[in-house]
Amino acid sequence: MSGTLPGGPHDDQRTGELAGALGRVHARIDAARAAAGRTGPDDPVCLVVVTKFFPAADVDRLAALGVRDIGENRDQEAAAKVADVVLRDRLTVHFIGQLQTNKVRSVVSYADVVQSVDRPKLARALGRAALEAGGELQVLVQVSLETDGAVGPDAGRGGVSMAAAPGLADLVAATDGLALRGVMAVAPLGADPARAFADLRRVRDGIQEQHPEATWMSAGMSGDLEAAVAAGATHLRVGTAILGSRPPHG
Ligand SMILES: *Cc1c(COP(=O)(O)O)cnc(C)c1O
């Protein structure tokens, strides 16, 4: 089944909402880049619009508005949605959620990037699936920024420890079918995002010394994108601020 391209009269209102929200987020990013002295063309910040819980028609509206990167966090929802997106060819699809190894074939069939690789077994499975699919998957190592004495394991967010991240990056870089691009993290609940993202930056910088191609730092969401830009994020993952609030996770 394929979706319909937006543009009819019923789409005007939603497309207008999305355009307005997208403009406000770009203005926040521009202001944060200016404040951080990051306005040069050699220092870009990529906006990944997180479309989870919203339909393929919204993805097409965003693509028509110029969005080039979208993020999804659940395989079942993402597989069906991406298949329905008419303007798929304009988009880079990032998988950003926790991933079980039995889902890797599905994920490599529609995702260009997996940002949430947090264990060796998953890296190896993704590499095999990518080779079978005849392509190369771009990969970020997801890092847990929990520090001792913090709120404890942040259930559902995942990530390899900061200490173990370089080893996992080495494994990804050595795995056929995978191209190491960098690191991703979510700021822990209750933590100072500036501190958390500074930790992530240090992890990325250490990995990049061994793997010069690992330039990406994916950090920052609707509530903390300014802190992420200040810390050097190259990719932001923004959902709510663009698409509106979504139902609570089930
Ligand atoms: C949902 C999600 C986001 C987007 O969060 P918002 O607060 O809606 O901007 C970013 N990263 C990950 C990993 C997510 O699951």
# chains A, B, ... in the order shown; residues from 1 in each chain; ligands from 1
>>> select_by_dssp(residues="stretch 177-212 of chain A", states="helix (DSSP H, G or I)", output="list in words")
Pro193, Ala194, Arg195, Ala196, Phe197, Ala198, Asp199, Leu200, Arg201, Arg202, Val203, Arg204, Asp205, Gly206, Ile207, Gln208, Glu209 and Gln210 of chain A
>>> residues_near_ligand(ligand="ligand 1", cutoff="10 Å", atoms="only C-alpha atoms and all ligand atoms", output="ChimeraX atom specification")
/A:48-53,71-74,95-98,115-116,142,156-158,184-187,218-225,236-246,249
>>> residues_around(residues="A:Ala163", least_positions_apart="5", cutoff="10 Å", atoms="only C-alpha atoms", output="ChimeraX atom specification")
/A:143-144,168,203
>>> write_last_selection(atoms="all heavy atoms", output="PDB file, in the first residue's frame")
ATOM      1  N   VAL A 143      25.537   5.659  23.817  1.00  0.00           N
ATOM      2  CA  VAL A 143      26.267   5.731  25.080  1.00  0.00           C
ATOM      3  C   VAL A 143      25.299   6.089  26.200  1.00  0.00           C
ATOM      4  O   VAL A 143      24.497   7.021  26.067  1.00  0.00           O
ATOM      5  CB  VAL A 143      27.385   6.797  24.987  1.00  0.00           C
ATOM      6  CG1 VAL A 143      28.177   6.868  26.293  1.00  0.00           C
ATOM      7  CG2 VAL A 143      28.310   6.514  23.806  1.00  0.00           C
ATOM      8  N   SER A 144      25.391   5.364  27.302  1.00  0.00           N
ATOM      9  CA  SER A 144      24.635   5.728  28.502  1.00  0.00           C
ATOM     10  C   SER A 144      25.436   6.764  29.273  1.00  0.00           C
ATOM     11  O   SER A 144      26.610   6.551  29.586  1.00  0.00           O
ATOM     12  CB  SER A 144      24.401   4.496  29.376  1.00  0.00           C
ATOM     13  OG  SER A 144      23.942   4.915  30.647  1.00  0.00           O
ATOM     14  N   LEU A 168      33.367  -0.861  21.883  1.00  0.00           N
ATOM     15  CA  LEU A 168      32.268  -1.180  20.970  1.00  0.00           C
ATOM     16  C   LEU A 168      32.454  -0.463  19.628  1.00  0.00           C
ATOM     17  O   LEU A 168      32.166  -1.024  18.568  1.00  0.00           O
ATOM     18  CB  LEU A 168      30.930  -0.805  21.618  1.00  0.00           C
ATOM     19  CG  LEU A 168      29.678  -1.149  20.810  1.00  0.00           C
ATOM     20  CD1 LEU A 168      29.625  -2.628  20.433  1.00  0.00           C
ATOM     21  CD2 LEU A 168      28.418  -0.741  21.579  1.00  0.00           C
ATOM     22  N   VAL A 203      33.683  11.374  24.985  1.00  0.00           N
ATOM     23  CA  VAL A 203      33.681   9.997  24.476  1.00  0.00           C
ATOM     24  C   VAL A 203      33.853  10.020  22.956  1.00  0.00           C
ATOM     25  O   VAL A 203      34.658   9.268  22.396  1.00  0.00           O
ATOM     26  CB  VAL A 203      32.373   9.268  24.871  1.00  0.00           C
ATOM     27  CG1 VAL A 203      32.297   7.909  24.182  1.00  0.00           C
ATOM     28  CG2 VAL A 203      32.281   9.097  26.390  1.00  0.00           C
TER      29      VAL A 203
END
>>> residues_around(residues="A:Asp58", least_positions_apart="3", cutoff="10 Å", atoms="only C-alpha atoms", output="ChimeraX atom specification")
/A:5-6,11,14-15,18,51,54-55,61-64,85,243
>>> write_last_selection(atoms="N, CA and C atoms", output="CSV table (one decimal), in the first residue's frame")
chain,number,residue,atom,x,y,z
A,5,LEU,N,0.3,11.7,-1.7
A,5,LEU,CA,1.1,12.9,-1.5
A,5,LEU,C,0.2,14.0,-0.9
A,6,PRO,N,0.7,14.6,0.1
A,6,PRO,CA,-0.1,15.7,0.7
A,6,PRO,C,-0.2,16.9,-0.3
A,11,ASP,N,-5.1,19.0,3.6
A,11,ASP,CA,-3.7,19.0,4.2
A,11,ASP,C,-3.2,20.4,4.5
A,14,ARG,N,-2.6,21.1,8.5
A,14,ARG,CA,-1.6,20.3,9.1
A,14,ARG,C,-0.2,20.7,8.5
A,15,THR,N,-0.1,20.9,7.2
A,15,THR,CA,1.1,21.3,6.6
A,15,THR,C,1.6,22.6,7.2
A,18,LEU,N,2.9,22.2,10.7
A,18,LEU,CA,4.3,21.6,10.7
A,18,LEU,C,5.3,22.6,10.2
A,51,THR,N,9.5,11.1,14.0
A,51,THR,CA,8.1,11.0,13.6
A,51,THR,C,7.4,9.9,14.2
A,54,PHE,N,3.4,9.3,14.6
A,54,PHE,CA,2.7,10.2,13.6
A,54,PHE,C,2.7,9.4,12.3
A,55,PRO,N,1.7,9.7,11.4
A,55,PRO,CA,1.5,8.9,10.2
A,55,PRO,C,2.5,9.2,9.1
A,61,ARG,N,4.6,15.2,4.4
A,61,ARG,CA,4.5,16.7,4.5
A,61,ARG,C,5.8,17.3,4.9
A,62,LEU,N,6.5,16.6,5.8
A,62,LEU,CA,7.8,17.2,6.3
A,62,LEU,C,8.8,17.1,5.1
A,63,ALA,N,8.8,16.0,4.4
A,63,ALA,CA,9.7,15.9,3.2
A,63,ALA,C,9.4,17.0,2.2
A,64,ALA,N,8.1,17.3,2.0
A,64,ALA,CA,7.8,18.3,1.0
A,64,ALA,C,8.2,19.7,1.5
A,85,VAL,N,5.6,5.9,2.7
A,85,VAL,CA,6.0,7.3,2.5
A,85,VAL,C,6.3,7.4,1.0
A,243,LEU,N,6.2,17.9,15.8
A,243,LEU,CA,4.9,17.2,15.5
A,243,LEU,C,3.8,17.4,16.5
>>> residues_around(residues="stretch 37-40 of chain A", least_positions_apart="4", cutoff="10 Å", atoms="only C-alpha atoms", output="tab-separated table (two decimals) with all heavy atoms, in the first residue's frame")
chain	number	residue	atom	x	y	z
A	30	ASP	N	19.41	27.91	14.95
A	30	ASP	CA	20.25	29.01	14.46
A	30	ASP	C	20.76	29.87	15.61
A	30	ASP	O	21.94	30.26	15.64
A	30	ASP	CB	19.47	29.88	13.46
A	30	ASP	CG	19.21	29.16	12.14
A	30	ASP	OD1	19.85	28.11	11.90
A	30	ASP	OD2	18.38	29.66	11.35
A	31	ALA	N	19.88	30.16	16.57
A	31	ALA	CA	20.29	30.99	17.72
A	31	ALA	C	21.34	30.26	18.55
A	31	ALA	O	22.32	30.86	19.00
A	31	ALA	CB	19.07	31.33	18.57
A	32	ALA	N	21.14	28.96	18.74
A	32	ALA	CA	22.10	28.17	19.53
A	32	ALA	C	23.45	28.09	18.81
A	32	ALA	O	24.51	28.17	19.44
A	32	ALA	CB	21.55	26.77	19.78
A	33	ARG	N	23.41	27.95	17.49
A	33	ARG	CA	24.67	27.91	16.72
A	33	ARG	C	25.38	29.25	16.82
A	33	ARG	O	26.61	29.30	16.98
A	33	ARG	CB	24.40	27.56	15.26
A	33	ARG	CG	23.97	26.11	15.05
A	33	ARG	CD	23.73	25.81	13.60
A	33	ARG	NE	24.97	25.82	12.82
A	33	ARG	CZ	25.03	25.77	11.49
A	33	ARG	NH1	23.89	25.72	10.79
A	33	ARG	NH2	26.18	25.78	10.87
A	44	PRO	N	28.13	21.94	10.35
A	44	PRO	CA	26.67	21.87	10.24
A	44	PRO	C	26.02	21.13	11.42
A	44	PRO	O	26.68	20.36	12.11
A	44	PRO	CB	26.45	21.09	8.95
A	44	PRO	CG	27.66	20.22	8.83
A	44	PRO	CD	28.80	21.00	9.44
A	45	VAL	N	24.76	21.42	11.61
A	45	VAL	CA	23.95	20.69	12.59
A	45	VAL	C	22.75	20.11	11.83
A	45	VAL	O	21.97	20.85	11.23
A	45	VAL	CB	23.46	21.63	13.71
A	45	VAL	CG1	22.55	20.87	14.67
A	45	VAL	CG2	24.65	22.23	14.47
A	229	VAL	N	23.71	21.67	21.09
A	229	VAL	CA	24.46	22.46	20.10
A	229	VAL	C	25.68	23.09	20.77
A	229	VAL	O	26.79	23.07	20.21
A	229	VAL	CB	23.56	23.54	19.46
A	229	VAL	CG1	24.39	24.51	18.61
A	229	VAL	CG2	22.47	22.88	18.61
A	230	ALA	N	25.51	23.60	21.98
A	230	ALA	CA	26.63	24.22	22.68
A	230	ALA	C	27.75	23.22	22.93
A	230	ALA	O	28.93	23.57	22.90
A	230	ALA	CB	26.16	24.82	24.01
A	232	GLY	N	28.50	20.72	21.04
A	232	GLY	CA	29.10	20.24	19.79
A	232	GLY	C	28.32	19.20	19.04
A	232	GLY	O	28.87	18.54	18.14
>>> closest_residue(among="A:Leu47, A:Leu140, A:Ala174, A:Ala169", to="A:Gly127", atoms="only C-alpha atoms")
A:Ala174
>>> residues_around(residues="A:Gly182", least_positions_apart="4", cutoff="7 Å", atoms="only C-alpha atoms", output="PyMOL selection string")
chain A and resi 140-141+204+214-217
>>> closest_residue(among="A:Ser109, A:Val160, A:Pro120, A:His235", to="A:Asp69", atoms="only C-alpha atoms")
A:His235
>>> select_by_dssp(residues="stretch 29-169 of chain A", states="strand (DSSP E)", output="ChimeraX atom specification")
/A:46-50,69-72,92-95,113-117,137-142
>>> closest_residue(among="A:Gln208, A:Ser161, A:Thr147, A:Gln138", to="A:Asp176", atoms="only C-alpha atoms")
A:Gln138
>>> closest_residue(among="A:Ala111, A:Ala79, A:Leu65, A:Ala194", to="A:His94", atoms="only C-alpha atoms")
A:Ala111
>>> atom_distance(atom1="atom CA of A:Ala129", atom2="atom CA of A:Arg90")
23.5 Å
>>> residues_around(residues="A:Arg202", least_positions_apart="3", cutoff="12 Å", atoms="only C-alpha atoms", output="JSON, numbers by chain")
{"A": [143, 145, 162, 163, 165, 166, 182, 183, 195, 196, 197, 198, 199, 205, 206, 207, 208, 209, 217, 231, 232, 233]}
